[in-house]
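Shown next: work_8.txt, containing compact mmCIF, C-alpha atoms and all ligand atoms.
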```txt
# COMPACT_ATOMS: atom_id res chain seq x y z
CA MET F 1 100.59 195.69 114.45
CA VAL F 2 103.35 193.15 114.03
CA SER F 3 104.53 192.71 110.44
CA ILE F 4 105.85 189.32 109.33
CA THR F 5 109.20 190.99 108.64
CA ASP F 6 109.56 192.67 112.07
CA PRO F 7 112.13 193.36 113.56
CA TYR F 8 113.75 194.13 110.20
CA ASP F 9 113.45 197.47 108.49
CA ALA F 10 115.45 196.48 105.38
CA LEU F 11 116.65 193.56 103.28
CA LEU F 12 120.28 193.70 102.19
CA VAL F 13 121.45 191.63 99.22
CA VAL F 14 125.15 190.86 99.68
CA SER F 15 127.01 189.72 96.59
CA PHE F 16 130.35 189.28 94.85
CA GLY F 17 130.27 192.17 92.38
CA GLY F 18 131.70 192.19 88.89
CA PRO F 19 133.27 194.55 86.35
CA GLU F 20 131.00 196.63 84.10
CA GLY F 21 133.49 197.54 81.36
CA GLN F 22 137.01 196.85 80.05
CA ASP F 23 138.59 199.44 82.37
CA ASP F 24 137.12 197.69 85.41
CA VAL F 25 138.55 194.23 84.66
CA ILE F 26 142.03 194.55 86.18
CA PRO F 27 141.00 196.57 89.27
CA PHE F 28 138.19 194.05 89.88
CA LEU F 29 140.55 191.08 89.60
CA GLU F 30 142.98 192.82 91.95
CA ASN F 31 140.18 193.23 94.48
CA VAL F 32 139.21 189.55 94.20
CA THR F 33 142.69 188.10 94.45
CA ARG F 34 144.38 190.43 96.97
CA GLY F 35 146.42 188.25 99.32
CA LYS F 36 145.16 184.98 97.77
CA GLY F 37 148.31 183.77 96.03
CA ILE F 38 146.64 183.35 92.64
CA PRO F 39 149.27 182.86 89.90
CA ARG F 40 149.62 185.78 87.45
CA ALA F 41 148.94 183.46 84.49
CA ARG F 42 145.57 182.44 85.95
CA LEU F 43 144.64 186.10 86.48
CA GLU F 44 145.46 186.96 82.88
CA GLU F 45 143.47 183.96 81.66
CA VAL F 46 140.40 184.94 83.71
CA GLY F 47 140.83 188.56 82.60
CA GLU F 48 140.49 187.35 79.00
CA HIS F 49 137.18 185.64 79.87
CA TYR F 50 135.83 188.98 81.04
CA ARG F 51 137.36 190.84 78.09
CA ALA F 52 135.62 188.50 75.64
CA PHE F 53 132.32 189.66 77.17
CA GLY F 54 133.12 193.36 76.74
CA GLY F 55 134.71 193.52 80.19
CA ARG F 56 131.27 193.15 81.68
CA SER F 57 130.28 190.42 84.10
CA PRO F 58 126.65 189.32 83.95
CA ILE F 59 126.46 189.17 87.75
CA ASN F 60 125.52 192.80 88.49
CA ASP F 61 122.61 192.81 86.05
CA GLN F 62 121.51 189.47 87.50
CA ASN F 63 121.48 191.01 90.96
CA ARG F 64 119.59 194.08 89.71
CA ALA F 65 116.99 191.74 88.22
CA LEU F 66 116.76 189.70 91.43
CA ILE F 67 116.27 192.88 93.47
CA ALA F 68 113.58 194.16 91.08
CA ASN F 69 111.78 190.83 91.47
CA LEU F 70 112.14 190.93 95.26
CA GLU F 71 110.73 194.46 95.35
CA HIS F 72 107.83 193.42 93.17
CA GLU F 73 107.08 190.39 95.32
CA LEU F 74 107.29 192.43 98.54
CA ALA F 75 104.81 194.93 97.07
CA GLU F 76 102.51 192.07 96.01
CA ARG F 77 102.53 190.87 99.60
CA ASN F 78 101.88 194.38 100.92
CA ILE F 79 105.18 194.41 102.78
CA SER F 80 106.90 197.76 102.90
CA LEU F 81 110.60 196.95 103.19
CA PRO F 82 113.40 198.63 101.25
CA VAL F 83 115.98 196.42 99.51
CA TYR F 84 119.66 197.40 99.49
CA TRP F 85 122.59 195.85 97.64
CA GLY F 86 126.27 195.77 98.57
CA ASN F 87 129.20 193.81 97.06
CA ARG F 88 132.52 192.41 98.20
CA ASN F 89 134.54 193.29 95.10
CA TRP F 90 132.84 196.03 93.11
CA ASP F 91 130.54 199.00 93.21
CA PRO F 92 128.13 199.25 95.00
CA TYR F 93 130.51 198.26 97.78
CA LEU F 94 129.10 196.96 101.06
CA ALA F 95 130.58 199.76 103.19
CA ASP F 96 129.03 202.46 100.96
CA GLU F 97 125.67 200.74 101.05
CA LEU F 98 125.73 200.37 104.85
CA ALA F 99 126.45 204.10 105.17
CA ARG F 100 123.49 204.79 102.89
CA MET F 101 121.30 202.53 105.02
CA ARG F 102 122.39 204.35 108.17
CA ASP F 103 121.62 207.71 106.52
CA ASP F 104 118.19 206.37 105.52
CA GLY F 105 117.51 205.45 109.15
CA VAL F 106 117.77 201.67 108.78
CA THR F 107 118.53 200.12 112.17
CA ARG F 108 118.23 196.39 111.55
CA ALA F 109 118.57 194.49 108.29
CA ALA F 110 118.40 190.88 107.17
CA ALA F 111 121.21 190.04 104.75
CA PHE F 112 120.72 187.59 101.90
CA VAL F 113 124.14 186.46 100.67
CA THR F 114 124.09 185.28 97.04
CA SER F 115 125.93 182.10 97.88
CA ALA F 116 123.94 178.95 98.52
CA TYR F 117 126.45 176.71 100.33
CA ASP F 118 128.86 176.61 103.23
CA SER F 119 132.53 177.34 102.46
CA TYR F 120 134.99 180.02 103.49
CA SER F 121 134.34 181.81 100.15
CA GLY F 122 130.57 181.65 100.45
CA CYS F 123 130.13 182.00 104.21
CA ARG F 124 132.83 183.40 106.50
CA GLN F 125 134.46 185.60 103.86
CA TYR F 126 131.15 187.43 103.38
CA ARG F 127 130.81 187.71 107.16
CA GLU F 128 134.32 189.20 107.31
CA ASP F 129 133.24 191.66 104.60
CA LEU F 130 130.17 192.55 106.66
CA TRP F 131 132.28 193.09 109.76
CA ARG F 132 134.63 195.44 107.89
CA ALA F 133 131.70 197.33 106.38
CA VAL F 134 130.02 197.76 109.78
CA GLU F 135 133.34 198.90 111.27
CA ALA F 136 133.85 201.40 108.43
CA THR F 137 130.32 202.73 108.89
CA GLY F 138 130.91 203.25 112.58
CA PRO F 139 128.34 204.17 115.23
CA GLY F 140 124.85 204.07 113.78
CA ALA F 141 125.63 201.21 111.42
CA PRO F 142 122.58 198.96 111.13
CA ARG F 143 122.50 195.66 112.95
CA ILE F 144 122.71 192.85 110.41
CA ASP F 145 121.54 189.23 110.56
CA ARG F 146 122.76 186.97 107.76
CA LEU F 147 119.97 184.65 106.52
CA ARG F 148 120.78 180.94 106.47
CA HIS F 149 122.16 179.49 103.25
CA CYS F 150 119.41 178.68 100.77
CA PHE F 151 120.79 175.42 99.35
CA ASP F 152 118.29 173.10 101.01
CA HIS F 153 115.21 175.27 100.63
CA PRO F 154 112.65 173.41 98.50
CA GLY F 155 112.08 176.57 96.42
CA PHE F 156 115.74 176.67 95.40
CA VAL F 157 115.61 172.97 94.50
CA MET F 158 112.38 173.49 92.54
CA ALA F 159 113.92 176.33 90.52
CA ASN F 160 116.89 174.13 89.66
CA ALA F 161 114.68 171.17 88.76
CA ASP F 162 112.76 173.45 86.41
CA GLY F 163 116.09 174.43 84.86
CA VAL F 164 116.99 170.79 84.22
CA VAL F 165 113.58 169.96 82.77
CA GLY F 166 113.88 173.03 80.51
CA ALA F 167 117.34 171.95 79.33
CA LEU F 168 116.05 168.44 78.56
CA GLY F 169 113.54 170.18 76.31
CA ASP F 170 116.41 171.89 74.49
CA LEU F 171 117.94 168.52 73.53
CA PRO F 172 116.72 166.46 70.58
CA PRO F 173 114.03 164.13 71.98
CA SER F 174 116.07 160.94 71.56
CA ALA F 175 119.05 162.54 73.35
CA ALA F 176 116.82 163.93 76.11
CA GLU F 177 115.52 160.43 76.79
CA ARG F 178 118.96 159.12 77.76
CA ALA F 179 120.65 162.32 78.95
CA ARG F 180 122.74 162.16 82.09
CA ILE F 181 122.61 165.09 84.53
CA VAL F 182 126.00 166.62 85.24
CA TYR F 183 125.76 169.00 88.19
CA VAL F 184 128.45 171.64 88.26
CA THR F 185 129.77 173.88 91.00
CA HIS F 186 132.79 176.10 91.68
CA SER F 187 135.88 174.11 92.57
CA ILE F 188 137.54 175.17 95.82
CA PRO F 189 140.78 174.06 97.50
CA VAL F 190 140.41 170.61 99.08
CA THR F 191 141.43 172.05 102.47
CA MET F 192 138.65 174.65 102.16
CA ALA F 193 136.15 171.90 101.35
CA GLU F 194 137.35 169.72 104.23
CA THR F 195 136.92 172.57 106.72
CA SER F 196 133.63 173.91 105.33
CA GLY F 197 130.63 174.24 107.64
CA PRO F 198 130.57 173.78 111.42
CA THR F 199 132.22 170.33 111.40
CA GLY F 200 133.84 170.10 107.96
CA GLY F 201 132.83 168.58 104.63
CA ALA F 202 129.66 170.67 104.33
CA TYR F 203 130.37 172.08 100.85
CA VAL F 204 130.34 168.73 99.06
CA ALA F 205 127.67 167.16 101.30
CA GLN F 206 125.28 170.04 100.68
CA HIS F 207 125.82 169.90 96.91
CA LEU F 208 125.27 166.13 96.86
CA ALA F 209 121.99 166.59 98.72
CA VAL F 210 120.80 169.21 96.25
CA ALA F 211 121.85 167.02 93.29
CA ASP F 212 119.86 164.10 94.72
CA ALA F 213 116.80 166.25 95.40
CA VAL F 214 116.83 167.90 91.97
CA SER F 215 117.30 164.52 90.25
CA ALA F 216 114.39 163.04 92.20
CA GLN F 217 112.12 165.88 91.09
CA VAL F 218 113.24 165.64 87.50
CA ALA F 219 112.63 161.86 87.54
CA ALA F 220 109.15 162.41 88.98
CA ARG F 221 108.32 165.01 86.35
CA THR F 222 109.78 163.27 83.30
CA GLY F 223 109.15 159.65 84.25
CA VAL F 224 112.80 158.83 83.55
CA ALA F 225 115.30 158.06 86.30
CA ARG F 226 118.68 159.46 85.25
CA GLU F 227 122.16 159.00 86.58
CA HIS F 228 123.95 162.08 87.77
CA ASP F 229 127.36 163.34 88.82
CA LEU F 230 128.76 166.29 90.75
CA VAL F 231 131.73 167.93 89.04
CA TYR F 232 133.64 171.20 89.26
CA CYS F 233 134.62 174.22 87.21
CA SER F 234 136.77 177.34 87.52
CA ARG F 235 139.72 175.78 89.31
CA SER F 236 142.26 178.40 90.34
CA GLY F 237 145.31 178.54 92.62
CA PRO F 238 148.77 177.11 91.96
CA PRO F 239 148.85 173.67 90.29
CA SER F 240 150.57 172.25 93.39
CA MET F 241 147.50 172.92 95.52
CA PRO F 242 144.75 170.27 95.31
CA TRP F 243 141.30 171.59 94.37
CA LEU F 244 138.06 169.62 94.11
CA GLU F 245 137.88 167.38 91.04
CA PRO F 246 136.92 166.18 88.50
CA ASP F 247 136.89 169.22 86.26
CA VAL F 248 133.78 169.33 84.09
CA ASN F 249 135.80 169.07 80.86
CA ASP F 250 137.78 166.03 82.05
CA HIS F 251 134.55 164.47 83.24
CA LEU F 252 132.88 164.93 79.85
CA ALA F 253 135.84 163.16 78.23
CA ALA F 254 135.51 160.29 80.71
CA LEU F 255 131.77 160.06 80.03
CA ALA F 256 132.36 160.05 76.24
CA SER F 257 134.81 157.16 76.61
CA ARG F 258 132.07 155.24 78.44
CA GLY F 259 129.66 155.88 75.57
CA VAL F 260 127.59 158.67 77.08
CA ASP F 261 126.40 160.95 74.27
CA ALA F 262 123.89 163.31 75.93
CA VAL F 263 124.10 165.46 79.06
CA VAL F 264 122.43 168.34 80.84
CA LEU F 265 124.94 170.65 82.53
CA ALA F 266 123.23 171.92 85.66
CA PRO F 267 125.16 174.68 87.51
CA ILE F 268 123.60 174.23 90.96
CA GLY F 269 126.62 175.93 92.55
CA PHE F 270 125.69 179.31 91.07
CA LEU F 271 122.61 181.33 91.95
CA SER F 272 122.57 183.14 88.63
CA ASP F 273 124.43 183.22 85.32
CA HIS F 274 127.82 184.34 86.58
CA MET F 275 130.89 184.58 84.38
CA GLU F 276 131.77 181.01 85.39
CA VAL F 277 128.49 179.91 83.80
CA ALA F 278 128.83 182.15 80.74
CA TYR F 279 132.45 181.21 80.10
CA ASP F 280 133.41 177.96 81.84
CA LEU F 281 130.16 176.20 80.95
CA ASP F 282 128.43 177.91 78.01
CA THR F 283 131.68 178.58 76.16
CA GLU F 284 134.28 176.05 77.26
CA ALA F 285 132.39 172.96 78.45
CA VAL F 286 129.85 173.20 75.61
CA ALA F 287 132.76 173.29 73.11
CA THR F 288 134.33 170.28 74.86
CA ALA F 289 131.06 168.36 74.63
CA LYS F 290 130.76 169.19 70.94
CA GLU F 291 134.29 167.94 70.22
CA LEU F 292 133.47 164.72 72.06
CA GLY F 293 130.22 164.22 70.17
CA ILE F 294 128.10 164.71 73.30
CA ALA F 295 124.81 166.55 72.92
CA ALA F 296 124.79 169.09 75.78
CA ALA F 297 122.24 171.58 77.08
CA ARG F 298 122.78 173.94 80.00
CA ALA F 299 120.14 174.19 82.72
CA ALA F 300 119.05 177.66 83.80
CA THR F 301 120.31 178.90 87.16
CA ALA F 302 117.86 179.92 89.90
CA GLY F 303 118.22 183.58 88.76
CA THR F 304 114.81 185.23 88.99
CA HIS F 305 112.74 182.04 89.00
CA PRO F 306 109.57 182.83 91.00
CA ASP F 307 110.25 179.91 93.37
CA PHE F 308 113.71 181.27 94.07
CA VAL F 309 112.48 184.83 94.63
CA ALA F 310 109.90 183.39 97.03
CA THR F 311 112.68 181.39 98.73
CA VAL F 312 114.58 184.56 99.61
CA LEU F 313 111.47 186.12 101.12
CA ASP F 314 110.61 182.89 102.90
CA LEU F 315 114.05 182.84 104.54
CA LEU F 316 113.55 186.48 105.56
CA VAL F 317 110.12 185.79 107.09
CA GLU F 318 111.45 182.66 108.83
CA ARG F 319 114.36 184.50 110.42
CA ALA F 320 112.17 187.43 111.41
CA ALA F 321 109.95 184.98 113.32
CA VAL F 322 113.03 183.48 115.00
CA GLU F 323 114.16 186.94 116.08
CA ARG F 324 110.68 187.66 117.48
CA GLY F 325 111.03 184.49 119.55
CA GLU F 326 108.32 182.59 117.69
CA PRO F 327 108.53 178.90 116.77
CA VAL F 328 109.34 178.23 113.12
CA THR F 329 109.15 175.28 110.76
CA ARG F 330 112.14 175.44 108.47
CA ALA F 331 111.48 174.43 104.89
CA SER F 332 114.22 171.95 104.00
CA ILE F 333 114.82 169.01 101.68
CA GLY F 334 116.23 167.06 104.63
CA ALA F 335 119.74 165.78 105.34
CA PRO F 336 122.23 167.36 105.88
CA GLY F 337 119.63 169.89 107.02
CA PRO F 338 119.48 173.67 107.24
CA ALA F 339 122.62 175.66 107.90
CA ALA F 340 122.58 177.69 111.13
CA ASP F 341 121.16 181.20 111.40
CA VAL F 342 124.17 182.28 113.43
CA SER F 343 127.33 180.52 112.28
CA PRO F 344 128.82 178.31 115.01
CA ALA F 345 132.26 179.28 116.30
CA GLY F 346 134.97 178.22 113.87
CA CYS F 347 132.56 177.45 111.04
CA CYS F 348 134.05 177.81 107.51
CA PRO F 349 137.40 178.97 108.92
CA ASN F 350 139.72 181.43 107.24
CA LEU F 351 142.86 179.30 106.82
CA ARG F 352 145.10 182.31 106.10
CA ALA F 353 144.28 184.76 108.86
CA ASP F 354 142.07 185.12 111.91
CA LEU F 355 139.82 188.04 111.01
CA PRO F 356 136.69 189.19 112.83
CA ALA F 357 133.46 188.12 111.14
CA LEU F 358 129.88 189.28 111.73
CA CYS F 359 126.87 186.99 112.32
CA GLY F 360 128.73 184.22 114.13
CA GLU F 361 128.92 182.81 117.62
CA ASP F 362 132.59 183.84 117.51
CA THR F 363 131.81 187.42 116.48
CA PRO F 364 133.70 189.73 118.84
CA PRO F 365 131.65 192.45 120.55
CA LEU F 366 131.22 195.71 118.63
CA PRO F 367 130.96 198.28 121.43
CA TRP F 368 128.98 200.80 119.41
CA VAL F 369 126.22 198.65 117.93
CA ALA F 370 123.60 196.82 119.85
CA SER F 371 124.38 193.45 118.41
CA LYS F 372 126.59 190.99 116.65
C1 LIG R 1 132.99 178.91 96.37
C2 LIG R 1 133.08 180.09 95.42
C3 LIG R 1 132.05 180.81 94.88
C4 LIG R 1 130.57 180.57 95.10
C5 LIG R 1 130.12 181.28 96.34
C6 LIG R 1 130.07 182.78 96.18
O1 LIG R 1 129.29 183.27 95.36
O2 LIG R 1 130.83 183.46 96.87
C7 LIG R 1 132.61 181.84 94.08
C8 LIG R 1 131.89 182.80 93.39
C9 LIG R 1 132.38 183.71 92.45
N1 LIG R 1 133.66 183.82 92.02
C10 LIG R 1 133.74 184.83 91.09
C11 LIG R 1 134.89 185.27 90.43
C12 LIG R 1 136.20 184.91 90.78
N2 LIG R 1 136.56 183.99 91.73
C13 LIG R 1 137.95 183.92 91.80
C14 LIG R 1 138.69 183.12 92.66
C15 LIG R 1 138.18 182.15 93.57
N3 LIG R 1 136.85 181.79 93.76
C16 LIG R 1 136.78 180.84 94.75
C17 LIG R 1 135.60 180.24 95.23
C18 LIG R 1 134.31 180.67 94.94
N4 LIG R 1 133.98 181.72 94.12
C19 LIG R 1 138.09 180.59 95.22
C20 LIG R 1 138.45 179.64 96.33
C21 LIG R 1 138.96 181.40 94.48
C22 LIG R 1 140.47 181.52 94.64
C23 LIG R 1 140.79 182.80 95.34
C24 LIG R 1 140.19 182.86 96.72
O3 LIG R 1 140.59 182.05 97.60
O4 LIG R 1 139.29 183.67 96.92
C25 LIG R 1 138.47 184.85 90.85
C26 LIG R 1 139.94 185.16 90.63
C27 LIG R 1 140.46 184.46 89.43
C28 LIG R 1 140.57 182.98 89.70
O5 LIG R 1 141.30 182.65 90.64
O6 LIG R 1 139.90 182.23 89.02
C29 LIG R 1 137.38 185.44 90.21
C30 LIG R 1 137.43 186.50 89.09
C31 LIG R 1 132.43 185.38 90.93
C32 LIG R 1 132.04 186.54 89.99
C33 LIG R 1 131.62 185.94 88.69
C34 LIG R 1 131.16 186.96 87.71
O7 LIG R 1 131.86 187.95 87.49
O8 LIG R 1 130.07 186.76 87.14
C35 LIG R 1 131.59 184.70 91.77
C36 LIG R 1 130.13 184.91 91.99
FE FE R 2 135.24 182.62 92.68
```
Can the structure in the file be given as structure tokens, please?
Amino acid sequence: MVSITDPYDALLVVSFGGPEGQDDVIPFLENVTRGKGIPRARLEEVGEHYRAFGGRSPINDQNRALIANLEHELAERNISLPVYWGNRNWDPYLADELARMRDDGVTRAAAFVTSAYDSYSGCRQYREDLWRAVEATGPGAPRIDRLRHCFDHPGFVMANADGVVGALGDLPPSAAERARIVYVTHSIPVTMAETSGPTGGAYVAQHLAVADAVSAQVAARTGVAREHDLVYCSRSGPPSMPWLEPDVNDHLAALASRGVDAVVLAPIGFLSDHMEVAYDLDTEAVATAKELGIAAARAATAGTHPDFVATVLDLLVERAAVERGEPVTRASIGAPGPAADVSPAGCCPNLRADLPALCGEDTPPLPWVASK
């Protein structure tokens, strides 16, 4: 009997990883920034963010919770499919997890990458990680298909709209009535943004589409049409290198000078409460808003929202049907439309080096596995 998840025998959650104690902070940051030209001062500053939270990033526990929810939902649907978890920068590392999958007899896995949008950081870099992990695992490594980015899945949008509606409820009623929605995502170098996706510009275009879709839902549910903006946090790199702007703190100051006194900060760029959310938004931006006399509430991230958990499984079931050669209807909020299953050649390029990456049309052949 064909299962709706055939031909897959596992789901692999691929994520960033984070430190779990003070001793992990420096080795973790060294892993993240190796070869990236991040100034020492920025590293020390970010290290302090982690130190202030006991050296522990929230991201690993968020992933454990997502996986527990995925396992529960799979069981509810009577689907027997093990879930694995491998990271780029911290234990459990991808290569170790792939070896474990091989030892467990997994031959073909669908990979959900915890990054919703196209960019080198969120797309090709993970595919380079996957290539290296498959290479390290050697013959017998499972075949891996990366699921398309989830940004335009209606379930992801619904989860974020719920977050905004919830945050409006955290504001005093009079402030909620006139609150502006400030969508926040990770800043990236302008050159990375310009080259993101198959033809460039995808990172910002995809975020703008999500911001529009979430705002439309919030307007429908609250009966109030609100203005919104897309702004950025967590800028890194040398000051001479342009990164996407405006920064959320600068933007709040600009809004205050225009008389805005209530906002919802909605981190649509993050799938769960990462350190950027805990520090850059909940600590820093909230303090900025307070100083400026702006009432601010932070919208929940998709996290373990049931609609988001269902989104991951929906993307898995969709791709499984594609691989079985069946026609599929892709759930999408519309333009710019779903990202590709298999990344087109040159998509989200690595501007520093030309490294092999899995799950792309430009993936070189691996002689000892059946597939890309
Ligand atoms: C687009 C994007 C995402 C979203 C997509 C995705 O999820 O991948 C993301 C996620 C994350 N970024 C994270 C942490 C860090 N990112 C850094 C550095 C950088 N991020 C960049 C971009 C992105 N990053 C870039 C262009 C750099 C410069 C260096 C480079 O070109 O790579 C640095 C070094 C210090 C600094 O430079 O700030 C840290 C510590 C964490 C973990 C958080 C936690 O612990 O909860 C997560 C989920
Ligand atoms: Fe980052």
Practice prompt. Give the residues close to ligand LIG 1 (chain R), within 7 Å, counting all atoms listed in the file; write them as a PyMOL selection string.
Written response: chain F and resi 15-19+29+32-33+36+38+42-43+46+57-59+114-116+119+121-122+186-189+234-237+269-270+273-276
Practice prompt. Pick out the residues sitting within 10 Å of F:Leu70, and hand them over as a ChimeraX atom specification; count all atoms listed in the file, and ignore anything fewer than 5 positions along from it in its own chain.
Written response: /F:11,64-65,75-76,82-83,304,306,308-310,312-313
Item to complete: Would you list the residues near (114.9, 192.5, 108.1) (no more than 12 Å away, in the coordinates of the file, using only C-alpha atoms) as a VMD selection string?
Response: chain F and resid 3 to 13 79 to 84 106 to 112 142 to 147 312 to 324
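Across the model, the gap from atom CA of F:Leu271 to atom CA of F:Gly35 is 25.9 Å.
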Worksheet entry | Distance query F:Pro349 at most 8 Å, only C-alpha atoms, self and fewer than 4 positions along chain excluded, as an MDAnalysis selection string | chainID F and resid 120 124 195:196
Fill in: Gap from atom CA of F:Glu45 to atom CA of F:Lys290 - Å, one decimal
22.2 Å
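In terms of minimum interatomic distance to F:Asp261, F:Leu292 ranks closest within F:Ala278, F:Ala287, F:Val224, F:Leu292, counting only C-alpha atoms.
As for atom CA of F:Gln125 and atom FE of ligand FE 2 (chain R), they are spaced 11.6 Å apart.
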Block slice stretch 244-260 of chain F, N, CA and C atoms, emitted as a compact mmCIF listing (two decimals), in the first residue's frame:
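For reference, out-v4.txt as written:
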```
# COMPACT_ATOMS: atom_id res chain seq x y z
N LEU F 244 21.00 45.24 4.75
CA LEU F 244 19.63 45.73 4.59
C LEU F 244 19.24 46.62 5.77
N GLU F 245 18.57 47.71 5.45
CA GLU F 245 18.11 48.69 6.43
C GLU F 245 16.66 49.03 6.12
N PRO F 246 15.94 49.71 7.02
CA PRO F 246 16.41 50.26 8.29
C PRO F 246 16.47 49.24 9.41
N ASP F 247 17.35 49.52 10.37
CA ASP F 247 17.40 48.74 11.59
C ASP F 247 16.13 49.03 12.40
N VAL F 248 15.65 48.02 13.09
CA VAL F 248 14.39 48.17 13.83
C VAL F 248 14.44 49.32 14.83
N ASN F 249 15.59 49.51 15.49
CA ASN F 249 15.67 50.59 16.49
C ASN F 249 15.60 51.97 15.83
N ASP F 250 16.33 52.14 14.73
CA ASP F 250 16.28 53.41 13.99
C ASP F 250 14.87 53.65 13.48
N HIS F 251 14.23 52.59 13.03
CA HIS F 251 12.88 52.73 12.49
C HIS F 251 11.89 53.16 13.58
N LEU F 252 12.04 52.61 14.78
CA LEU F 252 11.15 53.01 15.88
C LEU F 252 11.32 54.50 16.17
N ALA F 253 12.57 54.97 16.12
CA ALA F 253 12.82 56.40 16.36
C ALA F 253 12.14 57.24 15.28
N ALA F 254 12.25 56.79 14.03
CA ALA F 254 11.61 57.53 12.93
C ALA F 254 10.09 57.54 13.11
N LEU F 255 9.53 56.40 13.52
CA LEU F 255 8.08 56.33 13.73
C LEU F 255 7.67 57.28 14.86
N ALA F 256 8.45 57.29 15.95
CA ALA F 256 8.12 58.15 17.10
C ALA F 256 8.09 59.61 16.66
N SER F 257 9.05 59.99 15.80
CA SER F 257 9.11 61.39 15.37
C SER F 257 7.92 61.73 14.47
N ARG F 258 7.28 60.71 13.91
CA ARG F 258 6.07 60.95 13.11
C ARG F 258 4.81 60.81 13.95
N GLY F 259 4.98 60.60 15.26
CA GLY F 259 3.82 60.55 16.15
C GLY F 259 3.23 59.17 16.37
N VAL F 260 3.87 58.14 15.86
CA VAL F 260 3.37 56.79 16.12
C VAL F 260 3.67 56.42 17.56
```
